[in-house]
Amino acid sequence: MDKILIVDDTPAVLQALSLLLEIHGYDVITTTSPEQALQYANQLRVSLVIQDMNFTGDTTSGEEGKDLFYQLRKLDPHLPVILITAWTDLEQAIELVKAGAVDYIAKPWDDQKLLNTITNLVALGKANQASEKLERQQAAVEDSRTAASNAGLVYASSAMQRVVDIAVQVAKSDIAVLITGANGSGKEKIAEVVQANSQLADAPFIKVNCGALPADLIEAELFGAEAGAYTGANKKRIGLFEAANGGTLFLDEIGNLPYSGQTKLLRVIQTGEFQRLGSVATIKTKVRVISATNSNLADAIAAGEFREDLYYRLNVIELQVPAMAERLDDIMPLVHHFLPNRELSLSAENVLKSHTWQGNVRELENACKRVAVLKPTGIIEAEDFAFNEQADNAMQAGSTKPSVVEPTKEALEAAMREHQGVIARIARHFGLSRQALYRRLDKYEIPY
């Protein structure tokens with residue numbers, strides 16, 4: 001309900017205006033005090049103000065009302081204010097209308113004219129607010145798209161847009177960010193978006209794959225080592241935290257960091273201090289940590305494989321990057337990015353959109369690279385990608401899962417209920433391509 005604030009020193013005026021407006025569906029707030037009026041305007045979502053010009057007995061100068069008007073304008077330049085007074089000063093009225101007052105009405109007022117004015121102003125205010133909100137949203141989207149483009153992130157889906165929007169927003173702070181998502185979904189690119197839009201954009205940005213750190217050299221890799229600290233250490237070694245001092249450290253695949261490394265990592269995140277291996281001297285560092293994982297860290301914590309206290313240090317803000325199956329609108333923009341200036345047939349586009357992409361963007365990139373080599377010229381056809389149902393049903397290389405078992409009608413119906421009809425998830429559940437799943441749904445006359 002639209003709130004209208006009425007400020008007048010005469011209780012009878014407040015009562016009459018309140019009755020008139022409440023009958024017509026407005027929420028009315030009244031006060032005789034300009035000071036109280038400013039508090040209401042500051043604390044409540046007021047749609048319009050009707051204010052008198054004089055609030056002290058025997059005062060007719062209008063200076064009190066003029067002062068209140070300018071304070072209201074200072075508080076909210078877009079708040080509509082109707083001035084109403086028994087003492088009309090034409091010169092003052094012209095000044096305040098020029099300053100933004102929407103109307104200057106003499107007492108006694110015409111009820112219908114006042115109602116019409118209020119109705120139009122409230123409607124106009126709503127339209128302006130909606131327009132301004134849309135403009136802000138469009139500007140924010142444009143800013144985030146520019147930020148993503150500068151980081152080399154290609155996308156068109158609303159699912160990815162939401163991730164980018166949050167990434168740009170959290171980039172302004174120095175809090176720790178945990179980026180989660182399947183292998184090849186683009187977690188590193190999101191980390192680059194955060195870095196590029198942070199206050200540390202020009203500071204060091206050090207990336208490290210935690211899963212690739214040798215267990216016996218984790219401490220040396222992260223914190224450095226003095227010469228002679230271990231076999232083969234012929235000279236002083238600068239660690240990753242020291243190299244990233246004043247900037248950002250991106251810890252990729254943090255779920256693969258051994259437990260001993262997690263303990264050492266927690267200490268430096270908590271204290272900002274560490275010692276090089278083989279040294280007792282304490283080094284202070286200030287580093288923003290962005291981490292990423294394709295693991296379910298909650299399961300790892302339950303299994304005793306990941307420290308819960310470290311998890312909460314790393315996961316102040318979590319950005320979940322959706323898999324390709326949840327962002328199908330990104331497929332063709334990515335294909336055109338990986339295969340610039342190449343033309344694809346409609347059948348080729350269809351087969352790309354129906355493929356399961358278990359390897360996500362990385363699998364798509366590899367497929368495009370393969371086509372670029374095997375068919376360097378001409379229109380790219382569906383068969384050039386060498387996709388077929390057997391390949392689509394196969395698991396990723398290295399999987400030990402058995403071949404696909406033909407699902408029954410009952411199994412399909414149960415999966416439809418479990419996955420709420422989301423075809424991509426149901427297809428993955430059975431290890432089928434979308435096209436293969438659609439054929440089976442049609443066969444058993446299961447609606448989708």
# chains A, B, ... in the order shown; residues from 1 in each chain; ligands from 1
>>> residues_around(residues="Ala325 (chain A)", least_positions_apart="4", cutoff="8 Å", atoms="only C-alpha atoms", output="compact mmCIF listing (two decimals) with N, CA, C and O atoms, in the first residue's frame")
# COMPACT_ATOMS: atom_id res chain seq x y z
N THR A 356 25.80 -34.75 -23.97
CA THR A 356 25.74 -34.60 -22.50
C THR A 356 26.85 -33.74 -21.92
O THR A 356 26.72 -33.20 -20.83
N TRP A 357 27.98 -33.63 -22.58
CA TRP A 357 29.11 -32.80 -22.13
C TRP A 357 29.48 -33.07 -20.68
O TRP A 357 29.52 -32.17 -19.85
N ASN A 360 32.17 -30.97 -19.65
CA ASN A 360 31.84 -29.55 -19.61
C ASN A 360 32.60 -28.73 -20.66
O ASN A 360 32.82 -29.22 -21.77
N ALA A 424 18.13 -33.18 -18.55
CA ALA A 424 19.59 -33.33 -18.49
C ALA A 424 20.00 -34.23 -17.32
O ALA A 424 20.88 -35.08 -17.46
N ARG A 425 19.35 -34.06 -16.18
CA ARG A 425 19.70 -34.86 -15.01
C ARG A 425 19.25 -36.31 -15.17
O ARG A 425 19.97 -37.24 -14.77
>>> residues_around(residues="region 280-285 of chain A", least_positions_apart="2", cutoff="9 Å", atoms="only C-alpha atoms", output="list in words")
Phe241, Glu242, Ala244, Asn245, Gly246, Val268, Thr271, Gly272, Glu273, Phe274, Gln275, Arg276, Leu277, Gly278 and Val287 of chain A
>>> residues_around(residues="region 7-23 of chain A", least_positions_apart="2", cutoff="7 Å", atoms="only C-alpha atoms", output="VMD selection string")
chain A and resid 5 25 to 28 30 to 34 37 50 to 52 55
>>> residues_around(residues="region 291-308 of chain A", least_positions_apart="3", cutoff="9 Å", atoms="only C-alpha atoms", output="ChimeraX atom specification")
/A:176-183,187-188,191,249-259,262-263,266,311-315
>>> closest_residue(among="A:Gln161, A:Ala415, A:Ala386, A:His24", to="Gln112 (chain A)", atoms="only C-alpha atoms")
A:His24
>>> select_by_dssp(residues="region 24-88 of chain A", states="strand (DSSP E)", output="list in words")
Asp27, Val28, Ile29, Thr30, Thr31, Val46, Ser47, Leu48, Val49, Ile50, Gln51, Val81, Ile82, Leu83, Ile84 and Thr85 of chain A
>>> closest_residue(among="A:Val170, A:Leu364, A:Val81, A:Leu432", to="Gln199 (chain A)", atoms="only C-alpha atoms")
A:Val170
>>> closest_residue(among="A:Val164, A:Leu83, A:Leu121, A:Ala220", to="Ala233 (chain A)", atoms="only C-alpha atoms")
A:Ala220
>>> select_by_dssp(residues="region 285-345 of chain A", states="helix (DSSP H, G or I)", output="ChimeraX atom specification")
/A:297-302,308-314,324-326,328-338
>>> write_last_selection(atoms="N, CA and C atoms", output="short mmCIF file (atom, residue, chain, number, x, y, z; two decimals), in the first residue's frame")
data_model
loop_
_atom_site.label_atom_id
_atom_site.label_comp_id
_atom_site.auth_asym_id
_atom_site.auth_seq_id
_atom_site.Cartn_x
_atom_site.Cartn_y
_atom_site.Cartn_z
N LEU A 297 33.13 -30.98 -0.43
CA LEU A 297 33.92 -30.82 0.79
C LEU A 297 33.14 -31.22 2.03
N ALA A 298 31.81 -31.11 1.98
CA ALA A 298 31.01 -31.54 3.14
C ALA A 298 31.19 -33.05 3.37
N ASP A 299 31.20 -33.81 2.26
CA ASP A 299 31.42 -35.25 2.38
C ASP A 299 32.85 -35.53 2.87
N ALA A 300 33.81 -34.74 2.37
CA ALA A 300 35.20 -34.92 2.77
C ALA A 300 35.38 -34.63 4.26
N ILE A 301 34.66 -33.63 4.76
CA ILE A 301 34.72 -33.31 6.19
C ILE A 301 34.14 -34.47 7.00
N ALA A 302 32.99 -34.99 6.56
CA ALA A 302 32.35 -36.11 7.26
C ALA A 302 33.25 -37.35 7.28
N GLU A 308 37.25 -29.06 8.91
CA GLU A 308 36.04 -28.24 8.92
C GLU A 308 36.38 -26.77 9.18
N ASP A 309 37.33 -26.52 10.07
CA ASP A 309 37.69 -25.13 10.38
C ASP A 309 38.32 -24.44 9.17
N LEU A 310 39.09 -25.19 8.37
CA LEU A 310 39.65 -24.62 7.15
C LEU A 310 38.54 -24.33 6.14
N TYR A 311 37.59 -25.24 6.06
CA TYR A 311 36.47 -25.07 5.12
C TYR A 311 35.75 -23.75 5.37
N TYR A 312 35.48 -23.44 6.65
CA TYR A 312 34.76 -22.21 6.95
C TYR A 312 35.62 -20.97 6.75
N ARG A 313 36.93 -21.14 6.85
CA ARG A 313 37.83 -20.01 6.53
C ARG A 313 37.83 -19.72 5.03
N LEU A 314 37.76 -20.77 4.22
CA LEU A 314 37.82 -20.61 2.76
C LEU A 314 36.46 -20.25 2.17
N MET A 324 27.65 -27.72 -17.92
CA MET A 324 27.14 -27.38 -19.25
C MET A 324 25.69 -27.82 -19.41
N ALA A 325 25.31 -28.92 -18.77
CA ALA A 325 23.93 -29.41 -18.88
C ALA A 325 22.93 -28.41 -18.32
N GLU A 326 23.39 -27.49 -17.46
CA GLU A 326 22.52 -26.49 -16.86
C GLU A 326 22.66 -25.14 -17.53
N LEU A 328 22.78 -24.63 -21.34
CA LEU A 328 22.83 -25.01 -22.75
C LEU A 328 22.97 -23.80 -23.67
N ASP A 329 22.51 -22.63 -23.21
CA ASP A 329 22.62 -21.42 -24.03
C ASP A 329 24.08 -21.00 -24.24
N ASP A 330 24.99 -21.58 -23.47
CA ASP A 330 26.41 -21.21 -23.62
C ASP A 330 27.11 -22.04 -24.70
N ILE A 331 26.48 -23.12 -25.15
CA ILE A 331 27.18 -24.04 -26.05
C ILE A 331 27.61 -23.36 -27.34
N MET A 332 26.67 -22.74 -28.05
CA MET A 332 27.01 -22.16 -29.35
C MET A 332 27.95 -20.94 -29.24
N PRO A 333 27.77 -20.05 -28.27
CA PRO A 333 28.77 -18.98 -28.12
C PRO A 333 30.17 -19.52 -27.88
N LEU A 334 30.27 -20.60 -27.10
CA LEU A 334 31.58 -21.20 -26.85
C LEU A 334 32.13 -21.85 -28.12
N VAL A 335 31.26 -22.53 -28.88
CA VAL A 335 31.71 -23.15 -30.13
C VAL A 335 32.25 -22.10 -31.09
N HIS A 336 31.53 -20.98 -31.22
CA HIS A 336 32.00 -19.92 -32.12
C HIS A 336 33.29 -19.26 -31.60
N HIS A 337 33.46 -19.31 -30.29
CA HIS A 337 34.72 -18.80 -29.72
C HIS A 337 35.88 -19.73 -30.04
N PHE A 338 35.64 -21.04 -29.91
CA PHE A 338 36.69 -22.02 -30.18
C PHE A 338 36.90 -22.26 -31.68
#
>>> atom_distance(atom1="CA of Glu413 (chain A)", atom2="CA of Ile446 (chain A)")
7.4 Å
